[in-house]
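I have placed the structure first, in the form of structure tokens, so that the comments after it can refer back to it.
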Amino acid sequence: MLKIRLTEETIAKKYSEEKMRCPTHLSIGQEGVAAGVCSVLNNNDFVLSTHRSHAHYLAKDGNLNKMIAEIYGKSTGCSSGKGGSMHLIDTSVGFMGSTAIVGNTIPLGVGLGLSIQLKNENNISCVFFGDGSVEEGVFYESINFAVLKNLPVLFICEDNLYSVYSPLNVRQPEDRAIHQMVSAQGIETEYANGNDISEVHHITSNSVDKIKNGSGPQFLQFSTYRWREHCGPNYDNDIGYRSEEEFELWKSKDPIKHCEEQLLKIDNIKILEIKNEIQDKIDKAFVFAENSSFPDPSEVSTQLFK
Ligand SMILES: Cc1ncc(C[n+]2csc(CCOP(=O)(O)OP(=O)(O)O)c2C)c(N)n1
Ligand SMILES: [Mg+2]
């Protein structure tokens, strides 16, 4: 969680230098879900993500230097500098990609689940998406196919209450919980606190066990909250789509602060030392990105699906 938080705070601090020219969707405040879920997964499990992809990529141990270089548009980036923040990939750790189209990676995760089943392998496919994704038709088709074929897929809905500036209650009926609606498709679902990493870890462990024991796909909805604007490095509480009180309430539920308090109860863990160690790696990643070169213009039409 600290690696995600400190990386994104550094991105936010340096964004106004205008060297990072792609849009960035930060997960500050939401780190508990990515870190808690990925703490259960193995290197050979697959993960797919969305436009808000840094947290999932880093939690799956995606290469930090290549992520920062990608955001700087450099040839050393994980998508050769052509994708930017929303198109991260590191197949060496099973992070199979992220895309800017809401809901787009859900069927890809199901396809990877089918490939695992066809090859009779023991890993799983895990797809992260937001509460907005369940308003896309492809979400229902994907759940249906995964249930029908009993695929080893873990669906993770990161419910941060908003799709851009629209709160849940203008998008979905107020008395219909997402996890309950989804369970009507015949998939086991759970709802839990995404800002408590122990709870995320525990619930995810149970679900992964169930998938590996052949109980079929599982769906988890985790409640959480993004602190900064939908897209970009700033705070946007002043524009009026959410209240300062709501923001402060969720800030008090900071997943990192909560975890630090729990850890300090167990052991006098040296949090400052850990922070310095991580920040050092982050600073080096920014130097790597800045020192890398831009892709050659001749590369513009390579690596494309045609
Ligand atoms: C198919 C599609 N529709 C609309 C958009 C514009 N868009 C980008 S992010 C976003 C919000 C998605 O909300 P959610 O899935 O809850 O993710 P969050 O941003 O909250 O993490 C929207 C509507 C898009 N990229 N793709
Ligand atoms: Mg959302």
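Residue numbering restarts at 1 in every chain; chains get A, B, ... in the order shown in the structure tokens, and ligands count up from 1 in that same order.
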- List all protein, DNA and RNA residues that have any atom at most 7 Å from ligand 1, counting only C-alpha atoms and all ligand atoms, and write the list as a ChimeraX atom specification. /A:51-52,100-103,129-133,159-164,230
If you keep N, CA and C atoms, can you produce a file of those selected residues as a short mmCIF file (atom, residue, chain, number, x, y, z; two decimals), in the first residue's frame?
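Ended up saving to selection.cif:
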data_model
loop_
_atom_site.label_atom_id
_atom_site.label_comp_id
_atom_site.auth_asym_id
_atom_site.auth_seq_id
_atom_site.Cartn_x
_atom_site.Cartn_y
_atom_site.Cartn_z
N HIS A 51 -8.70 1.82 -16.38
CA HIS A 51 -8.04 3.13 -16.52
C HIS A 51 -7.29 3.51 -15.23
N ARG A 52 -7.78 3.04 -14.06
CA ARG A 52 -7.16 3.38 -12.77
C ARG A 52 -6.24 2.21 -12.40
N ALA A 100 -8.38 1.70 -21.39
CA ALA A 100 -9.12 2.92 -21.05
C ALA A 100 -10.62 2.75 -21.21
N ILE A 101 -11.05 1.69 -21.87
CA ILE A 101 -12.49 1.53 -22.13
C ILE A 101 -13.14 0.81 -20.96
N VAL A 102 -14.08 1.48 -20.30
CA VAL A 102 -14.69 0.93 -19.09
C VAL A 102 -15.35 -0.43 -19.39
N GLY A 103 -14.98 -1.44 -18.63
CA GLY A 103 -15.55 -2.79 -18.79
C GLY A 103 -14.80 -3.65 -19.77
N PHE A 129 -12.24 -3.99 -11.55
CA PHE A 129 -13.03 -2.98 -12.28
C PHE A 129 -13.78 -2.12 -11.27
N GLY A 130 -14.31 -0.99 -11.73
CA GLY A 130 -15.00 -0.08 -10.82
C GLY A 130 -16.50 -0.35 -10.77
N ASP A 131 -17.19 0.37 -9.88
CA ASP A 131 -18.65 0.24 -9.77
C ASP A 131 -19.33 0.67 -11.07
N GLY A 132 -18.67 1.55 -11.86
CA GLY A 132 -19.24 1.98 -13.13
C GLY A 132 -19.28 0.86 -14.16
N SER A 133 -18.37 -0.08 -14.05
CA SER A 133 -18.29 -1.18 -15.03
C SER A 133 -19.51 -2.08 -15.00
N ASP A 159 -15.64 -0.54 -5.43
CA ASP A 159 -16.77 0.39 -5.35
C ASP A 159 -16.36 1.65 -4.60
N ASN A 160 -16.00 2.68 -5.38
CA ASN A 160 -15.60 3.95 -4.74
C ASN A 160 -16.74 4.97 -4.79
N LEU A 161 -17.94 4.50 -5.03
CA LEU A 161 -19.18 5.28 -4.99
C LEU A 161 -19.41 6.20 -6.19
N TYR A 162 -18.40 6.39 -7.02
CA TYR A 162 -18.54 7.34 -8.13
C TYR A 162 -18.09 6.78 -9.47
N SER A 163 -18.76 7.26 -10.52
CA SER A 163 -18.26 7.12 -11.88
C SER A 163 -18.05 8.55 -12.36
N VAL A 164 -16.82 8.99 -12.45
CA VAL A 164 -16.46 10.38 -12.70
C VAL A 164 -17.16 11.27 -11.65
N HIS A 230 -11.21 12.61 -10.30
CA HIS A 230 -11.34 11.39 -11.11
C HIS A 230 -10.10 11.17 -11.97
#
- Item | Contact residues around region 35-43 of chain A with only C-alpha atoms at 8 Å, ignoring same-chain residues under 3 positions, as a list in words | Met1, Glu31, Gly32, Phe46, Ala55, His56, Ala59, Lys60, Val93, Gly94, Asn123, Ile197, Ser198, Val200, His201, Thr204, Ser205 and Val208 of chain A
With only C-alpha atoms as the counted atoms, please give the residues lying no more than 12 Å from Asn276 (chain A), apart from itself and same-chain residues fewer than 6 positions off, as a PDB file with N, CA and C atoms, in the first residue's frame.
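Result file is out-v5.pdb:
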ATOM      1  N   LEU A   2       1.948   1.198   0.779  1.00  0.00           N
ATOM      2  CA  LEU A   2       2.840   2.369   0.834  1.00  0.00           C
ATOM      3  C   LEU A   2       3.502   2.639  -0.511  1.00  0.00           C
ATOM      4  N   LYS A   3       3.873   1.558  -1.192  1.00  0.00           N
ATOM      5  CA  LYS A   3       4.522   1.728  -2.499  1.00  0.00           C
ATOM      6  C   LYS A   3       3.569   2.434  -3.471  1.00  0.00           C
ATOM      7  N   LEU A   6       3.025   6.211  -2.140  1.00  0.00           N
ATOM      8  CA  LEU A   6       4.182   7.100  -2.336  1.00  0.00           C
ATOM      9  C   LEU A   6       4.471   7.318  -3.811  1.00  0.00           C
ATOM     10  N   LYS A 270       9.368  -0.600  11.933  1.00  0.00           N
ATOM     11  CA  LYS A 270      10.025   0.657  11.571  1.00  0.00           C
ATOM     12  C   LYS A 270       9.434   1.225  10.283  1.00  0.00           C
ATOM     13  N   ILE A 282      11.438   4.756  -5.761  1.00  0.00           N
ATOM     14  CA  ILE A 282      10.571   5.597  -6.595  1.00  0.00           C
ATOM     15  C   ILE A 282      11.383   6.721  -7.245  1.00  0.00           C
ATOM     16  N   ASP A 283      12.234   7.375  -6.453  1.00  0.00           N
ATOM     17  CA  ASP A 283      13.053   8.472  -6.985  1.00  0.00           C
ATOM     18  C   ASP A 283      13.940   7.967  -8.122  1.00  0.00           C
TER      19      ASP A 283
END
- Item | Between CA of Ser27 (chain A) and CA of Pro255 (chain A), distance in Å (one decimal) | 11.8 Å
Mind checking DSSP for region 82-197 of chain A and telling me the strand (DSSP E) residues as a JSON list (two decimals) with N, CA and C atoms, in the first residue's frame?
[["chain", "number", "residue", "atom", "x", "y", "z"],
["A", 95, "PHE", "N", 0.66, -9.61, -14.89],
["A", 95, "PHE", "CA", -0.21, -8.44, -15.07],
["A", 95, "PHE", "C", -0.46, -8.30, -16.57],
["A", 96, "MET", "N", -1.65, -8.72, -17.00],
["A", 96, "MET", "CA", -1.89, -8.94, -18.42],
["A", 96, "MET", "C", -2.41, -7.72, -19.17],
["A", 97, "GLY", "N", -2.62, -6.62, -18.46],
["A", 97, "GLY", "CA", -2.95, -5.39, -19.16],
["A", 97, "GLY", "C", -4.06, -4.59, -18.51],
["A", 98, "SER", "N", -4.18, -3.37, -19.02],
["A", 98, "SER", "CA", -5.25, -2.48, -18.57],
["A", 98, "SER", "C", -5.64, -1.65, -19.78],
["A", 125, "SER", "N", -7.58, -16.28, -12.78],
["A", 125, "SER", "CA", -7.60, -15.00, -13.47],
["A", 125, "SER", "C", -8.41, -14.02, -12.63],
["A", 126, "CYS", "N", -7.84, -12.85, -12.37],
["A", 126, "CYS", "CA", -8.49, -11.88, -11.48],
["A", 126, "CYS", "C", -8.68, -10.56, -12.23],
["A", 127, "VAL", "N", -9.91, -10.08, -12.29],
["A", 127, "VAL", "CA", -10.19, -8.84, -13.01],
["A", 127, "VAL", "C", -10.65, -7.76, -12.03],
["A", 128, "PHE", "N", -9.94, -6.64, -12.02],
["A", 128, "PHE", "CA", -10.35, -5.48, -11.23],
["A", 128, "PHE", "C", -11.17, -4.53, -12.10],
["A", 129, "PHE", "N", -12.24, -3.99, -11.55],
["A", 129, "PHE", "CA", -13.03, -2.98, -12.28],
["A", 129, "PHE", "C", -13.78, -2.12, -11.27],
["A", 130, "GLY", "N", -14.31, -0.99, -11.73],
["A", 130, "GLY", "CA", -15.00, -0.08, -10.82],
["A", 130, "GLY", "C", -16.50, -0.35, -10.77],
["A", 153, "VAL", "N", -12.24, -17.63, -12.29],
["A", 153, "VAL", "CA", -12.13, -16.17, -12.41],
["A", 153, "VAL", "C", -12.60, -15.49, -11.12],
["A", 154, "LEU", "N", -11.80, -14.55, -10.67],
["A", 154, "LEU", "CA", -12.14, -13.74, -9.49],
["A", 154, "LEU", "C", -12.47, -12.33, -9.97],
["A", 155, "PHE", "N", -13.73, -11.93, -9.79],
["A", 155, "PHE", "CA", -14.16, -10.59, -10.21],
["A", 155, "PHE", "C", -14.08, -9.67, -8.99],
["A", 156, "ILE", "N", -13.33, -8.58, -9.12],
["A", 156, "ILE", "CA", -13.17, -7.63, -8.01],
["A", 156, "ILE", "C", -13.78, -6.28, -8.39],
["A", 157, "CYS", "N", -14.89, -5.93, -7.76],
["A", 157, "CYS", "CA", -15.52, -4.63, -8.00],
["A", 157, "CYS", "C", -15.05, -3.64, -6.93],
["A", 158, "GLU", "N", -14.28, -2.65, -7.39],
["A", 158, "GLU", "CA", -13.77, -1.63, -6.48],
["A", 158, "GLU", "C", -14.79, -0.51, -6.44],
["A", 159, "ASP", "N", -15.64, -0.54, -5.43],
["A", 159, "ASP", "CA", -16.77, 0.39, -5.35],
["A", 159, "ASP", "C", -16.36, 1.65, -4.60],
["A", 162, "TYR", "N", -18.40, 6.39, -7.02],
["A", 162, "TYR", "CA", -18.54, 7.34, -8.13],
["A", 162, "TYR", "C", -18.09, 6.78, -9.47],
["A", 163, "SER", "N", -18.76, 7.26, -10.52],
["A", 163, "SER", "CA", -18.26, 7.12, -11.88],
["A", 163, "SER", "C", -18.05, 8.55, -12.36],
["A", 166, "SER", "N", -20.56, 11.24, -11.13],
["A", 166, "SER", "CA", -21.91, 10.73, -10.83],
["A", 166, "SER", "C", -21.88, 9.75, -9.68],
["A", 167, "PRO", "N", -22.58, 10.07, -8.58],
["A", 167, "PRO", "CA", -22.64, 9.12, -7.47],
["A", 167, "PRO", "C", -23.52, 7.93, -7.84],
["A", 188, "GLU", "N", -21.29, -16.81, -6.60],
["A", 188, "GLU", "CA", -21.15, -16.48, -5.17],
["A", 188, "GLU", "C", -20.56, -15.08, -5.04],
["A", 189, "THR", "N", -21.13, -14.26, -4.16],
["A", 189, "THR", "CA", -20.64, -12.89, -3.99],
["A", 189, "THR", "C", -20.44, -12.55, -2.51],
["A", 190, "GLU", "N", -19.59, -11.56, -2.27],
["A", 190, "GLU", "CA", -19.37, -11.05, -0.91],
["A", 190, "GLU", "C", -19.21, -9.54, -1.00],
["A", 191, "TYR", "N", -19.53, -8.87, 0.10],
["A", 191, "TYR", "CA", -19.33, -7.42, 0.19],
["A", 191, "TYR", "C", -18.47, -7.15, 1.42],
["A", 192, "ALA", "N", -17.42, -6.35, 1.28],
["A", 192, "ALA", "CA", -16.53, -6.15, 2.43],
["A", 192, "ALA", "C", -15.88, -4.76, 2.38],
["A", 193, "ASN", "N", -15.23, -4.44, 3.49],
["A", 193, "ASN", "CA", -14.56, -3.14, 3.65],
["A", 193, "ASN", "C", -13.21, -3.15, 2.92]]
- Message: Report, in Å with one decimal, the straight-line distance from CA of Glu246 (chain A) to CA of Glu174 (chain A).
- Response: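 Separation between CA of Glu246 (chain A) and CA of Glu174 (chain A): 17.6 Å.
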- Query: Could you name the residues that touch region 9-24 of chain A at 7 Å or less, counting only C-alpha atoms, but leaving out those on the same chain fewer than 5 positions away, as a PyMOL selection string?
  - Reply: chain A and resi 71-72+84-85+231-233
How would the residues just picked look written out with N, CA and C atoms as a CSV table (one decimal), in the first residue's frame?
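Result file is selection-v9.csv:
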chain,number,residue,atom,x,y,z
A,71,ILE,N,4.6,6.3,-18.2
A,71,ILE,CA,3.8,7.6,-18.0
A,71,ILE,C,4.5,8.8,-18.6
A,72,TYR,N,5.8,8.7,-18.7
A,72,TYR,CA,6.6,9.8,-19.3
A,72,TYR,C,6.7,9.6,-20.9
A,84,GLY,N,0.8,5.0,-22.2
A,84,GLY,CA,0.6,5.9,-21.1
A,84,GLY,C,0.0,5.1,-19.9
A,85,SER,N,-0.4,5.9,-18.9
A,85,SER,CA,-0.9,5.4,-17.6
A,85,SER,C,-2.0,4.4,-17.6
A,231,CYS,N,-9.7,12.2,-12.6
A,231,CYS,CA,-8.5,12.1,-13.5
A,231,CYS,C,-7.6,13.3,-13.3
A,232,GLY,N,-6.4,13.0,-12.8
A,232,GLY,CA,-5.5,14.1,-12.6
A,232,GLY,C,-5.0,14.1,-11.1
A,233,PRO,N,-4.0,15.0,-10.9
A,233,PRO,CA,-3.3,15.0,-9.6
A,233,PRO,C,-4.0,15.8,-8.5
- Item | Residue list (helix (DSSP H, G or I), DSSP) for region 150-208 of chain A, as a list in words | Leu168, Asn169, Val170, Ile178, His179, Gln180, Met181, Val182, Ser183, Ile197, Ser198, Glu199, Val200, His201, His202, Ile203, Thr204, Ser205, Asn206, Ser207 and Val208 of chain A
Output for the residues just chosen: C-alpha atoms as a PDB file, in the first residue's frame:
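What follows is the written file out.pdb:
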ATOM      1  CA  LEU A 168     -24.140   5.635  -7.363  1.00  0.00           C
ATOM      2  CA  ASN A 169     -27.637   6.859  -6.518  1.00  0.00           C
ATOM      3  CA  VAL A 170     -28.118   8.637  -9.878  1.00  0.00           C
ATOM      4  CA  ILE A 178     -24.440  -4.528  -6.529  1.00  0.00           C
ATOM      5  CA  HIS A 179     -23.295  -7.793  -4.948  1.00  0.00           C
ATOM      6  CA  GLN A 180     -26.893  -8.937  -4.382  1.00  0.00           C
ATOM      7  CA  MET A 181     -27.904  -8.156  -7.952  1.00  0.00           C
ATOM      8  CA  VAL A 182     -24.858  -9.977  -9.316  1.00  0.00           C
ATOM      9  CA  SER A 183     -25.528 -13.050  -7.143  1.00  0.00           C
ATOM     10  CA  ILE A 197      -6.366  -4.786   4.204  1.00  0.00           C
ATOM     11  CA  SER A 198      -6.714  -7.686   6.673  1.00  0.00           C
ATOM     12  CA  GLU A 199     -10.380  -8.065   5.746  1.00  0.00           C
ATOM     13  CA  VAL A 200      -9.590  -7.844   2.024  1.00  0.00           C
ATOM     14  CA  HIS A 201      -6.851 -10.460   2.409  1.00  0.00           C
ATOM     15  CA  HIS A 202      -9.081 -12.804   4.417  1.00  0.00           C
ATOM     16  CA  ILE A 203     -12.126 -12.625   2.109  1.00  0.00           C
ATOM     17  CA  THR A 204      -9.948 -12.949  -0.996  1.00  0.00           C
ATOM     18  CA  SER A 205      -8.151 -16.000   0.440  1.00  0.00           C
ATOM     19  CA  ASN A 206     -11.509 -17.710   0.973  1.00  0.00           C
ATOM     20  CA  SER A 207     -12.639 -16.899  -2.546  1.00  0.00           C
ATOM     21  CA  VAL A 208      -9.398 -18.085  -4.145  1.00  0.00           C
TER      22      VAL A 208
END
- Please indicate the distance in Å from CA of Lys212 (chain A) to CA of Gly113 (chain A), rounded to one decimal place.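 That distance, rounded to one decimal, is 11.9 Å.
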- Fewer than 6 positions away in the same chain doesn't count, so skip those; otherwise give me all residues within 10 Å of Asn65 (chain A), counting only C-alpha atoms, as a list in words.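 The contact residues come out as Thr76, Gly77, Cys78, Lys281, Ile282, Asp283, Lys284, Ala285, Phe286, Val287, Phe288 and Ala289 of chain A.
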